[in-house]
$ cat query-v4.txt   # compact mmCIF, C-alpha atoms
# COMPACT_ATOMS: atom_id res chain seq x y z
CA MET H 67 106.10 152.15 126.25
CA MET H 68 109.84 152.35 125.94
CA ALA H 69 110.21 150.05 128.97
CA LEU H 70 107.92 147.50 127.34
CA GLN H 71 109.91 147.61 124.12
CA LEU H 72 113.12 147.08 126.10
CA LEU H 73 111.58 144.19 127.99
CA SER H 74 110.34 142.44 124.87
CA GLY H 75 113.80 142.92 123.32
CA ILE H 76 115.45 141.27 126.33
CA ILE H 77 112.93 138.43 126.29
CA GLY H 78 113.56 137.90 122.58
CA GLN H 79 117.31 137.64 123.18
CA ILE H 80 116.89 135.19 126.07
CA THR H 81 114.52 133.05 123.97
CA ASN H 82 117.12 132.86 121.19
CA VAL H 83 119.78 131.73 123.66
CA PHE H 84 117.47 129.02 124.99
CA LEU H 85 116.49 127.82 121.55
CA ASP H 86 120.13 127.72 120.35
CA PHE H 87 121.07 125.36 123.15
CA ASN H 88 118.10 122.98 122.78
CA VAL H 89 116.57 123.74 126.17
CA GLY H 90 112.97 122.47 126.23
CA GLN H 91 110.41 124.95 124.87
CA GLU H 92 108.11 124.56 127.90
CA TYR H 93 110.92 125.52 130.28
CA VAL H 94 111.75 128.56 128.15
CA SER H 95 108.19 129.83 128.35
CA ILE H 96 108.07 129.31 132.13
CA ILE H 97 111.19 131.39 132.80
CA ILE H 98 110.19 134.09 130.34
CA ARG H 99 106.73 134.35 131.84
CA LEU H 100 108.23 134.54 135.31
CA ILE H 101 110.45 137.45 134.25
CA GLY H 102 107.43 139.13 132.67
CA ILE H 103 105.11 138.58 135.66
CA VAL H 104 107.66 139.84 138.19
CA TYR H 105 108.52 142.88 136.07
CA TYR H 106 104.88 143.88 135.46
CA ALA H 107 103.97 143.24 139.12
CA GLU H 108 106.75 145.55 140.24
CA PHE H 109 105.71 148.15 137.67
CA VAL H 110 102.03 148.08 138.66
CA SER H 111 102.84 148.01 142.38
CA PHE H 112 105.07 151.07 141.95
CA LEU H 113 102.37 152.94 139.99
CA LEU H 114 99.73 152.16 142.64
CA SER H 115 101.92 153.36 145.48
CA GLU H 116 102.71 156.54 143.52
CA THR H 117 99.00 157.23 143.10
CA SER H 118 98.39 156.90 146.87
CA LEU H 119 96.82 153.47 146.47
CA GLY H 120 99.34 151.60 148.61
CA ASN H 121 96.74 149.22 150.10
CA VAL H 122 95.53 148.19 146.65
CA GLY H 123 99.19 147.72 145.73
CA LYS H 124 99.71 145.35 148.66
CA MET H 125 96.62 143.36 147.68
CA PHE H 126 97.93 143.24 144.14
CA GLU H 127 101.23 141.80 145.43
CA TYR H 128 99.36 139.02 147.24
CA ILE H 129 97.41 138.23 144.09
CA VAL H 130 100.65 138.08 142.08
CA LYS H 131 102.21 135.71 144.64
CA LEU H 132 99.13 133.49 144.48
CA TYR H 133 99.29 133.59 140.69
CA LEU H 134 102.95 132.55 140.80
CA ILE H 135 102.10 129.62 143.09
CA GLY H 136 99.28 128.63 140.73
CA TYR H 137 101.75 129.01 137.88
CA SER H 138 103.98 126.31 139.36
CA LEU H 139 101.04 123.88 139.52
CA PRO H 140 101.75 122.19 136.13
CA MET H 141 105.32 121.61 137.29
CA ILE H 142 104.13 120.06 140.57
CA ILE H 143 101.68 117.84 138.65
CA LYS H 144 104.43 116.81 136.23
CA LEU H 145 106.77 115.99 139.12
CA PHE H 146 104.10 113.83 140.72
CA GLU H 147 103.40 112.11 137.40
CA LEU H 148 107.10 111.33 137.05
CA ILE H 149 107.27 109.99 140.60
CA LEU H 150 104.19 107.83 140.03
CA SER H 151 105.61 106.53 136.76
CA VAL H 152 108.65 105.09 138.52
CA VAL H 153 107.25 104.05 141.91
CA MET X 206 133.45 66.17 121.80
CA ASP X 207 134.37 68.26 118.78
CA ALA X 208 134.79 71.93 119.62
CA ALA X 209 133.51 72.92 116.20
CA GLY X 210 130.32 70.95 116.84
CA PHE X 211 129.64 72.55 120.20
CA ASP X 212 126.42 74.56 120.17
CA LEU X 213 127.33 78.20 120.72
CA SER X 214 124.06 79.67 119.47
CA ALA X 215 123.35 81.34 122.85
CA PHE X 216 126.67 83.17 122.69
CA GLU X 217 126.22 83.99 119.02
CA ASN X 218 122.83 85.56 119.71
CA ILE X 219 124.22 87.62 122.58
CA TRP X 220 127.15 88.85 120.49
CA ALA X 221 124.91 89.59 117.51
CA GLU X 222 122.79 91.76 119.82
CA LEU X 223 125.91 93.45 121.19
CA TYR X 224 127.24 94.20 117.70
CA ASN X 225 123.82 95.53 116.81
CA GLN X 226 123.72 97.83 119.83
CA TYR X 227 127.29 99.15 119.73
CA ASP X 228 128.17 99.94 116.11
CA TRP X 229 131.90 100.42 116.51
CA LEU X 230 132.30 96.97 118.09
CA MET X 231 132.00 95.68 114.52
CA ASP X 232 135.21 97.52 113.59
CA ALA X 233 137.02 96.66 116.81
CA ASP X 234 138.73 93.29 116.32
CA TYR X 235 139.48 92.23 119.87
CA LEU X 236 137.51 89.00 119.53
CA ASP X 237 137.40 86.59 116.60
CA LYS X 238 133.91 87.06 115.17
CA THR X 239 133.98 83.91 113.08
CA ASN X 240 135.01 81.58 115.92
CA LEU X 241 134.01 82.81 119.36
CA LEU X 242 135.81 79.95 121.08
CA LYS X 243 139.22 81.36 120.12
CA VAL X 244 139.35 83.28 123.37
CA GLU X 245 143.15 83.18 123.42
CA ASN X 246 143.03 85.79 120.63
CA PHE X 247 141.13 88.21 122.87
CA ASN X 248 142.87 91.56 122.52
CA ILE X 249 142.61 93.37 125.83
CA VAL X 250 144.21 96.55 124.43
CA GLY X 251 141.64 96.60 121.63
CA PHE X 252 138.89 96.17 124.18
CA PHE X 253 140.06 99.12 126.23
CA GLN X 254 140.46 101.16 123.04
CA SER X 255 136.84 100.51 122.09
CA LEU X 256 135.82 101.37 125.67
CA GLY X 257 137.71 104.64 125.27
CA ASP X 258 135.98 105.30 121.93
CA TYR X 259 132.63 104.62 123.54
CA ALA X 260 133.47 106.94 126.45
CA LEU X 261 134.26 109.71 123.94
CA HIS X 262 131.00 109.05 122.10
CA GLU X 263 129.08 109.17 125.38
CA LEU X 264 130.90 112.35 126.33
CA THR X 265 129.56 113.96 123.14
CA THR X 266 126.04 112.64 123.77
CA GLY X 267 126.04 113.51 127.47
CA PHE X 268 127.40 116.96 126.69
CA THR X 269 124.03 117.85 125.11
CA GLN X 270 122.30 117.23 128.47
CA PHE X 271 125.15 118.98 130.27
CA LYS X 272 124.83 122.01 128.00
CA SER X 273 121.06 122.12 128.36
CA VAL X 274 121.13 122.09 132.19
CA LEU X 275 124.11 124.47 132.28
CA ILE X 276 122.34 127.06 130.12
CA PHE X 277 119.18 126.63 132.15
CA LEU X 278 121.10 127.30 135.38
CA LEU X 279 122.89 130.27 133.82
CA ILE X 280 119.55 131.77 132.86
CA ILE X 281 118.32 131.18 136.42
CA ALA X 282 121.40 133.03 137.72
CA LEU X 283 120.70 135.86 135.27
CA PHE X 284 117.05 135.89 136.28
CA GLN X 285 117.94 136.09 139.97
CA ASN X 286 120.22 139.03 139.27
CA ILE X 287 117.60 140.84 137.18
CA GLN X 288 114.98 140.22 139.85
CA SER X 289 117.20 141.49 142.65
CA ILE X 290 117.58 144.76 140.74
CA PHE X 291 113.81 145.37 140.98
CA SER X 292 113.04 143.95 144.42
CA THR X 293 113.20 140.72 146.45
CA LYS X 294 109.43 140.62 147.17
CA TYR X 295 108.75 137.65 144.89
CA GLU X 296 112.08 135.92 145.40
CA LYS X 297 110.80 132.95 147.44
CA VAL X 298 107.88 132.18 145.14
CA THR X 299 109.89 132.47 141.94
CA ASN X 300 112.72 130.41 143.43
CA THR X 301 110.25 127.63 144.25
CA VAL X 302 108.90 127.65 140.69
CA LEU X 303 112.40 127.57 139.21
CA LYS X 304 113.49 124.81 141.60
CA LEU X 305 110.47 122.77 140.51
CA VAL X 306 111.39 123.25 136.85
CA LEU X 307 114.97 122.10 137.53
CA MET X 308 113.72 119.15 139.58
CA VAL X 309 111.40 118.02 136.79
CA GLN X 310 114.28 118.18 134.29
CA LEU X 311 116.69 116.28 136.54
CA PHE X 312 114.08 113.74 137.64
CA GLN X 313 113.26 112.97 134.00
CA LEU X 314 116.97 112.29 133.45
CA PHE X 315 117.13 110.19 136.61
CA ILE X 316 114.19 108.06 135.46
CA PHE X 317 115.90 107.59 132.11
CA TYR X 318 119.06 106.29 133.81
CA HIS X 319 117.05 104.19 136.28
CA ASP X 320 115.16 102.46 133.47
CA TYR X 321 118.40 102.02 131.55
CA VAL X 322 120.17 100.40 134.53
CA LEU X 323 117.17 98.16 135.24
CA ASP X 324 117.03 97.09 131.61
CA ILE X 325 120.77 96.37 131.47
CA LEU X 326 120.76 94.37 134.72
CA THR X 327 117.74 92.31 133.66
CA ARG X 328 119.38 91.58 130.32
CA TYR X 329 122.65 90.81 132.06
CA MET X 330 121.04 88.24 134.32
CA ASN X 331 119.15 86.72 131.40
CA ILE X 332 122.52 86.27 129.71
CA VAL X 333 123.84 84.55 132.84
CA VAL X 334 120.79 82.27 132.80
CA ALA X 335 121.45 81.48 129.12
CA ILE X 336 125.17 80.67 129.37
CA PHE X 337 125.39 79.15 132.82
CA PRO X 338 123.81 75.74 131.92
CA MET X 339 126.27 75.44 129.04
CA LEU X 340 129.22 75.84 131.39
CA LEU X 341 127.64 73.54 133.95
CA SER X 342 127.12 70.74 131.40
CA LEU X 343 130.80 70.99 130.43
CA ILE X 344 131.78 70.84 134.09
CA THR X 345 129.70 67.70 134.51
CA ILE X 346 131.20 65.85 131.57
CA THR X 347 134.72 66.65 132.75
CA GLY X 348 134.02 64.77 135.97
CA ALA X 349 133.59 67.63 138.44
CA LEU X 350 130.35 66.19 139.75
CA TRP X 351 130.45 67.84 143.18
CA ASN X 352 130.98 71.18 141.52
CA GLN X 353 127.93 70.62 139.37
CA THR X 354 125.82 69.41 142.28
CA LEU X 355 126.55 72.26 144.64
CA PHE X 356 127.27 75.19 142.34
CA LYS X 357 124.03 74.79 140.42
CA PRO X 358 121.69 75.55 143.37
CA ALA X 359 124.12 78.23 144.58
CA VAL X 360 124.07 80.07 141.28
CA VAL X 361 120.31 79.63 140.85
CA PHE X 362 119.95 81.16 144.32
CA LEU X 363 122.37 83.94 143.36
CA ILE X 364 120.36 84.82 140.26
CA ASN X 365 117.02 84.82 142.11
CA ALA X 366 118.41 86.75 145.08
CA SER X 367 119.95 89.31 142.69
CA TYR X 368 116.58 89.78 140.97
CA PHE X 369 115.06 90.32 144.42
CA PHE X 370 117.74 92.77 145.57
CA ILE X 371 117.56 94.78 142.37
CA ASN X 372 113.78 94.87 141.98
CA ALA X 373 112.70 95.00 145.63
CA ILE X 374 115.47 96.69 147.62
CA SER X 375 118.33 98.55 145.98
CA LEU X 376 116.76 100.23 142.96
CA PRO X 377 113.41 101.13 144.65
CA LEU X 378 115.28 102.53 147.67
CA THR X 379 117.50 104.60 145.40
CA VAL X 380 114.38 106.00 143.72
CA VAL X 381 112.73 106.73 147.09
CA GLY X 382 115.94 108.36 148.37
CA THR X 383 116.12 110.58 145.28
CA ILE X 384 112.42 111.53 145.52
CA PHE X 385 112.82 112.46 149.19
CA GLY X 386 115.98 114.34 148.28
CA PHE X 387 114.10 116.47 145.73
CA ILE X 388 111.13 117.03 148.07
CA ASN X 389 113.56 118.05 150.80
CA GLN X 390 114.91 120.79 148.55
CA ILE X 391 111.49 122.43 148.12
CA ASN X 392 111.61 123.41 151.78
CA VAL X 393 114.12 125.88 153.09
CA GLU X 394 115.01 123.66 156.04
CA ASP X 395 116.72 120.29 155.77
CA LEU X 396 113.88 118.13 157.11
CA TYR X 397 114.62 114.71 155.64
CA GLY X 398 118.43 114.84 155.52
CA ARG X 399 119.03 111.96 157.91
CA LEU X 400 116.24 109.82 156.44
CA ILE X 401 117.67 110.26 152.94
CA GLY X 402 121.16 109.33 154.15
CA PHE X 403 119.75 106.22 155.85
CA ILE X 404 117.77 105.14 152.75
CA ASN X 405 120.79 105.59 150.46
CA LYS X 406 123.02 103.65 152.83
CA VAL X 407 120.52 100.79 153.13
CA ALA X 408 120.20 100.65 149.32
CA LEU X 409 123.93 100.14 148.87
CA TRP X 410 124.97 98.29 152.02
CA THR X 411 122.39 95.51 151.67
CA LEU X 412 123.64 94.77 148.16
CA GLY X 413 127.28 95.12 149.26
CA GLY X 414 126.69 92.81 152.23
CA TYR X 415 124.98 90.24 150.01
CA PHE X 416 127.88 90.47 147.56
CA ALA X 417 130.46 89.87 150.32
CA PHE X 418 128.42 87.02 151.84
CA PHE X 419 127.93 85.25 148.55
CA LEU X 420 131.52 85.51 147.39
CA THR X 421 132.73 84.16 150.74
CA LEU X 422 130.31 81.25 150.45
CA MET X 423 131.39 80.53 146.88
CA SER X 424 135.09 80.66 147.79
CA ILE X 425 134.64 78.21 150.67
CA GLN X 426 132.62 75.90 148.41
CA ASN X 427 135.32 76.21 145.76
CA MET X 428 138.06 75.02 148.12
CA THR X 429 136.03 72.13 149.50
CA LEU X 430 134.46 70.92 146.26
CA SER X 431 137.61 70.92 144.17
CA PHE X 432 139.35 68.66 146.71
CA ALA X 433 136.29 66.39 146.89
CA ASP X 434 136.16 66.12 143.10
CA GLY X 435 139.92 65.52 142.92
CA LEU X 436 139.68 62.73 145.48
CA PHE X 437 136.73 61.18 143.65
CA PHE X 438 138.62 61.27 140.35
CA ARG X 439 141.77 59.84 141.93
CA THR X 440 139.85 57.01 143.60
CA THR X 441 138.13 56.11 140.33
CA GLN X 442 141.50 56.08 138.57
CA ASN X 443 143.01 53.78 141.20
CA LEU X 444 140.07 51.41 141.04
CA MET X 445 140.23 51.21 137.25
CA ASN X 446 143.99 50.60 137.38
CA HIS X 447 143.23 47.34 139.12
CA ILE X 448 141.42 46.00 136.06
CA PRO X 449 143.91 43.58 134.50
CA VAL X 450 145.58 44.37 131.13
CA ILE X 451 143.37 47.24 129.95
CA GLY X 452 143.00 49.07 133.31
CA SER X 453 145.92 51.50 133.11
CA LYS X 454 145.41 52.14 129.39
CA PHE X 455 141.75 52.90 130.01
CA THR X 456 142.66 55.29 132.83
CA ASP X 457 145.21 57.11 130.65
CA THR X 458 142.60 57.50 127.92
CA ILE X 459 140.04 58.85 130.38
CA VAL X 460 142.58 61.37 131.77
CA SER X 461 143.42 62.51 128.23
CA VAL X 462 139.75 62.93 127.31
CA VAL X 463 138.99 64.86 130.52
CA SER X 464 142.04 67.10 129.98
CA THR X 465 140.97 67.82 126.41
CA LEU X 466 137.42 68.58 127.47
CA SER X 467 138.82 70.89 130.15
CA ILE X 468 140.34 73.03 127.42
CA LEU X 469 136.91 73.34 125.80
CA ARG X 470 135.32 74.07 129.20
CA ASN X 471 137.91 76.77 129.92
CA SER X 472 137.33 78.32 126.50
CA VAL X 473 133.55 78.41 127.03
CA GLY X 474 133.99 79.70 130.59
CA LEU X 475 136.37 82.43 129.52
CA LEU X 476 134.08 83.35 126.63
CA GLY X 477 131.30 83.63 129.23
CA VAL X 478 133.43 85.91 131.41
CA ILE X 479 134.43 88.05 128.41
CA THR X 480 130.78 88.30 127.32
CA LEU X 481 129.69 89.37 130.80
CA VAL X 482 132.49 91.94 131.00
CA VAL X 483 131.60 93.41 127.60
CA VAL X 484 127.84 93.46 128.38
CA VAL X 485 128.31 95.36 131.62
CA ALA X 486 131.38 97.50 130.79
CA PHE X 487 129.71 99.74 128.20
CA PRO X 488 126.70 100.71 130.35
CA ILE X 489 129.06 101.40 133.28
CA VAL X 490 131.04 103.74 131.03
CA LYS X 491 127.83 105.44 129.87
CA VAL X 492 126.50 106.11 133.40
CA GLY X 493 130.00 106.92 134.67
CA VAL X 494 130.59 109.55 131.98
CA SER X 495 127.20 111.16 132.74
CA LEU X 496 128.04 111.20 136.44
CA ILE X 497 131.40 112.86 135.79
CA LEU X 498 129.73 115.45 133.55
CA PHE X 499 127.06 116.31 136.13
CA ARG X 500 129.61 116.47 138.96
CA LEU X 501 131.63 118.81 136.75
CA LEU X 502 128.51 120.85 136.09
CA THR X 503 127.88 121.17 139.84
CA GLY X 504 131.43 122.37 140.33
CA VAL X 505 131.30 124.82 137.42
CA ILE X 506 127.94 126.32 138.36
CA GLN X 507 128.57 126.55 142.13
CA PRO X 508 129.94 130.12 142.19
CA ILE X 509 127.15 131.45 139.95
CA VAL X 510 123.81 130.20 141.31
CA SER X 511 122.47 130.01 144.86
CA LYS X 512 123.23 126.88 146.87
CA ASP X 513 119.60 125.68 146.70
CA TYR X 514 120.13 124.74 143.05
CA ILE X 515 123.50 123.14 143.84
CA LYS X 516 121.79 120.95 146.46
CA ILE X 517 119.24 119.81 143.86
CA LEU X 518 122.11 118.85 141.53
CA ASP X 519 123.76 117.02 144.43
CA VAL X 520 120.60 114.96 144.98
CA PHE X 521 120.64 113.95 141.31
CA ASN X 522 124.37 113.13 141.46
CA THR X 523 123.87 110.93 144.54
CA GLY X 524 121.03 109.03 142.82
CA LEU X 525 123.12 108.51 139.68
CA MET X 526 126.10 107.41 141.79
CA ASN X 527 123.92 104.81 143.55
CA LEU X 528 122.71 103.46 140.20
CA LEU X 529 126.31 103.16 139.01
CA VAL X 530 127.41 101.37 142.20
CA ILE X 531 124.47 98.92 142.00
CA MET X 532 125.32 98.11 138.40
CA MET X 533 129.01 97.61 139.25
CA ILE X 534 128.26 95.35 142.24
CA ILE X 535 125.92 93.09 140.23
CA GLY X 536 128.31 93.04 137.25
CA VAL X 537 131.38 92.17 139.30
CA MET X 538 129.48 89.59 141.36
CA PHE X 539 128.54 87.43 138.37
CA ILE X 540 131.97 87.80 136.76
CA PHE X 541 133.60 86.63 140.02
CA THR X 542 131.11 83.77 140.25
CA PHE X 543 132.07 82.53 136.80
CA PHE X 544 135.75 82.83 137.67
CA ILE X 545 135.28 80.88 140.90
CA ILE X 546 133.35 78.09 139.13
CA LEU X 547 135.99 77.85 136.41
CA TYR X 548 138.83 77.90 138.91
CA SER X 549 137.12 75.31 141.06
CA SER X 550 136.57 72.90 138.15
CA ASN X 551 140.24 73.30 137.12
CA MET X 552 141.44 72.74 140.66
CA MET X 553 139.98 69.25 140.42
CA LEU X 554 142.66 68.28 137.87
CA LEU X 555 145.39 70.01 139.88
CA THR X 556 144.46 68.30 143.15
CA ASN X 557 144.32 65.04 141.24

$ encode --input "query-v4.txt" --output "structure tokens"
Amino acid sequence: MMALQLLSGIIGQITNVFLDFNVGQEYVSIIIRLIGIVYYAEFVSFLLSETSLGNVGKMFEYIVKLYLIGYSLPMIIKLFELILSVV
Amino acid sequence: MDAAGFDLSAFENIWAELYNQYDWLMDADYLDKTNLLKVENFNIVGFFQSLGDYALHELTTGFTQFKSVLIFLLIIALFQNIQSIFSTKYEKVTNTVLKLVLMVQLFQLFIFYHDYVLDILTRYMNIVVAIFPMLLSLITITGALWNQTLFKPAVVFLINASYFFINAISLPLTVVGTIFGFINQINVEDLYGRLIGFINKVALWTLGGYFAFFLTLMSIQNMTLSFADGLFFRTTQNLMNHIPVIGSKFTDTIVSVVSTLSILRNSVGLLGVITLVVVVAFPIVKVGVSLILFRLLTGVIQPIVSKDYIKILDVFNTGLMNLLVIMMIIGVMFIFTFFIILYSSNMMLLTN
């Protein structure tokens, strides 16, 4: 619980920095979510290995990696849209 | 012909648009706003001062983009550090996502500058199309008939070829080179490095080669035509001198009229050159300042983030550099063309 509170505090600070310097809101949310996903994945993976569920932990890691790839999909689509708009 | 009665509406429209676009040009008094033909009053120091002011303004505007990308890269560096504290299991995937985010940001900026350069160059050539006939008509009435006959198709060809080079070769190749450059950075290996280098070189060298070819052609034409026009004028003078009683007086009058009209032609020609310089100088400053800022950003951020991100910034910088070079080549080419035509039509009187 304490770790979660710390994490949300850090995320809040980073968001403020982003917003102060006019970095696009969508980019802010992507980076923040990435930090969150990676942190929680590590946390869950560690818990699973501690409870002798290492195989489940490895499967979980694969799922997280797939999720991260899927997460970049809007960016890939946007990049393609930009390319198509100029070509 | 009365200089005051000469129709300068094309120039007036262009300058009105320029004053509308660049606010502080209204305050800068390097050109007489009430009488555009007073080109001798052109204040070159004032012009460079207003260019400096514009560069400072662009520095402030471009700094917003600079700041935004800088902070984004700093956060990426921070994120990489935080991530490495936990583990490096997700490093590759997260790096790809972050690279994509940076690419999207930079590509949006690149498209903005590409559209801007395309817009400026199209407008620039439209201005050439608008003022060139005016200069050509003045050349014709001052007796430089060969100049008019051969420069007209040459410049029409120049304008059409420039449209072709900009729309079909240089700008599209720059875009393709930049797209390949970004795609190349998604992979770990440098797969398209040589292809990208080739595309970028073709984009610039074809335009540079065309520029060199055309200026050589124009210079040769200039030398030949001015002597031909001079000879024609001299022969006509000699023939008229043979007319009894009024012949020599008539010739003197014609020479005086042609010399007077030459002053008007030079004023219009110089006004054309000044207009072209002003139209192209401000956009060059704008893109140049952005390029300097992003090169600076690459240098500043290099020790902090991994070199993958630096390479992405390098791709953007190369694309922006190409756009700047294309704009400079086209700008200088038309300014030189106007100079050569003016010089050539003046040479006629000198060789006479």

$ interface_residues --input "query-v4.txt" --of "chain X" --to "chain H" --cutoff "6 Å" --atoms "all atoms listed in the file" --output "PDB file with C-alpha atoms, keeping the file's coordinate frame"
ATOM      1  CA  SER X 273     121.060 122.120 128.360  1.00  0.00           C
ATOM      2  CA  VAL X 302     108.900 127.650 140.690  1.00  0.00           C
ATOM      3  CA  VAL X 309     111.400 118.020 136.790  1.00  0.00           C
TER       4      VAL X 309
END

$ closest_residue --input "query-v4.txt" --among "X:Asn248, X:Asp434, X:Ile489, X:Lys294" --to "Val537 (chain X)" --atoms "only C-alpha atoms"
X:Ile489

$ atom_distance --input "query-v4.txt" --atom1 "CA of Leu305 (chain X)" --atom2 "CA of Tyr514 (chain X)"
10.2 Å

$ residues_around --input "query-v4.txt" --residues "Glu296 (chain X)" --least-positions-apart "4" --cutoff "12 Å" --atoms "only C-alpha atoms" --output "PyMOL selection string"
(chain H and resi 100-101+104+131+134) or (chain X and resi 281+284-292+300-304+511)

$ atom_distance --input "query-v4.txt" --atom1 "CA of Leu469 (chain X)" --atom2 "CA of Ile346 (chain X)"
11.0 Å

$ closest_residue --input "query-v4.txt" --among "X:Phe455, X:Phe268, X:Phe356, X:Tyr415" --to "Phe543 (chain X)" --atoms "only C-alpha atoms"
X:Phe356

$ residues_around --input "query-v4.txt" --residues "Met526 (chain X)" --least-positions-apart "3" --cutoff "10 Å" --atoms "all atoms listed in the file" --output "number ranges by chain"
X: 379, 492-493, 495-497, 520-523, 529-532

$ write_last_selection --input "query-v4.txt" --atoms "C-alpha atoms" --output "tab-separated table (two decimals), in the coordinates of the input"
chain	number	residue	atom	x	y	z
X	379	THR	CA	117.50	104.60	145.40
X	492	VAL	CA	126.50	106.11	133.40
X	493	GLY	CA	130.00	106.92	134.67
X	495	SER	CA	127.20	111.16	132.74
X	496	LEU	CA	128.04	111.20	136.44
X	497	ILE	CA	131.40	112.86	135.79
X	520	VAL	CA	120.60	114.96	144.98
X	521	PHE	CA	120.64	113.95	141.31
X	522	ASN	CA	124.37	113.13	141.46
X	523	THR	CA	123.87	110.93	144.54
X	529	LEU	CA	126.31	103.16	139.01
X	530	VAL	CA	127.41	101.37	142.20
X	531	ILE	CA	124.47	98.92	142.00
X	532	MET	CA	125.32	98.11	138.40

$ atom_distance --input "query-v4.txt" --atom1 "CA of Val250 (chain X)" --atom2 "CA of Glu263 (chain X)"
19.7 Å

$ build_atoms --input "query-v4.txt" --residues "region 72-77 of chain H" --atoms "all heavy atoms" --output "PDB file, in the frame of the given file"
ATOM      1  N   LEU H  72     111.851 147.611 125.586  1.00  0.00           N
ATOM      2  CA  LEU H  72     113.120 147.080 126.100  1.00  0.00           C
ATOM      3  C   LEU H  72     112.947 145.661 126.625  1.00  0.00           C
ATOM      4  O   LEU H  72     113.759 144.775 126.347  1.00  0.00           O
ATOM      5  CB  LEU H  72     113.635 147.977 127.235  1.00  0.00           C
ATOM      6  CG  LEU H  72     114.639 149.055 126.863  1.00  0.00           C
ATOM      7  CD1 LEU H  72     114.886 149.985 128.037  1.00  0.00           C
ATOM      8  CD2 LEU H  72     115.945 148.432 126.393  1.00  0.00           C
ATOM      9  N   LEU H  73     111.851 145.487 127.383  1.00  0.00           N
ATOM     10  CA  LEU H  73     111.580 144.190 127.990  1.00  0.00           C
ATOM     11  C   LEU H  73     111.392 143.110 126.934  1.00  0.00           C
ATOM     12  O   LEU H  73     111.987 142.022 127.017  1.00  0.00           O
ATOM     13  CB  LEU H  73     110.336 144.266 128.885  1.00  0.00           C
ATOM     14  CG  LEU H  73     110.009 143.004 129.664  1.00  0.00           C
ATOM     15  CD1 LEU H  73     111.060 142.736 130.726  1.00  0.00           C
ATOM     16  CD2 LEU H  73     108.648 143.101 130.313  1.00  0.00           C
ATOM     17  N   SER H  74     110.583 143.457 125.903  1.00  0.00           N
ATOM     18  CA  SER H  74     110.340 142.440 124.870  1.00  0.00           C
ATOM     19  C   SER H  74     111.644 142.123 124.109  1.00  0.00           C
ATOM     20  O   SER H  74     111.868 140.969 123.702  1.00  0.00           O
ATOM     21  CB  SER H  74     109.238 142.883 123.902  1.00  0.00           C
ATOM     22  OG  SER H  74     109.615 144.081 123.307  1.00  0.00           O
ATOM     23  N   GLY H  75     112.497 143.147 123.966  1.00  0.00           N
ATOM     24  CA  GLY H  75     113.800 142.920 123.320  1.00  0.00           C
ATOM     25  C   GLY H  75     114.636 141.940 124.122  1.00  0.00           C
ATOM     26  O   GLY H  75     115.205 140.980 123.570  1.00  0.00           O
ATOM     27  N   ILE H  76     114.672 142.159 125.453  1.00  0.00           N
ATOM     28  CA  ILE H  76     115.450 141.270 126.330  1.00  0.00           C
ATOM     29  C   ILE H  76     114.914 139.838 126.270  1.00  0.00           C
ATOM     30  O   ILE H  76     115.660 138.872 126.124  1.00  0.00           O
ATOM     31  CB  ILE H  76     115.429 141.797 127.797  1.00  0.00           C
ATOM     32  CG1 ILE H  76     116.207 143.101 127.900  1.00  0.00           C
ATOM     33  CG2 ILE H  76     116.025 140.772 128.761  1.00  0.00           C
ATOM     34  CD1 ILE H  76     115.987 143.871 129.191  1.00  0.00           C
ATOM     35  N   ILE H  77     113.567 139.765 126.331  1.00  0.00           N
ATOM     36  CA  ILE H  77     112.930 138.430 126.290  1.00  0.00           C
ATOM     37  C   ILE H  77     113.258 137.708 124.979  1.00  0.00           C
ATOM     38  O   ILE H  77     113.566 136.522 124.970  1.00  0.00           O
ATOM     39  CB  ILE H  77     111.397 138.571 126.491  1.00  0.00           C
ATOM     40  CG1 ILE H  77     111.114 138.938 127.956  1.00  0.00           C
ATOM     41  CG2 ILE H  77     110.662 137.261 126.162  1.00  0.00           C
ATOM     42  CD1 ILE H  77     109.695 139.338 128.243  1.00  0.00           C
TER      43      ILE H  77
END
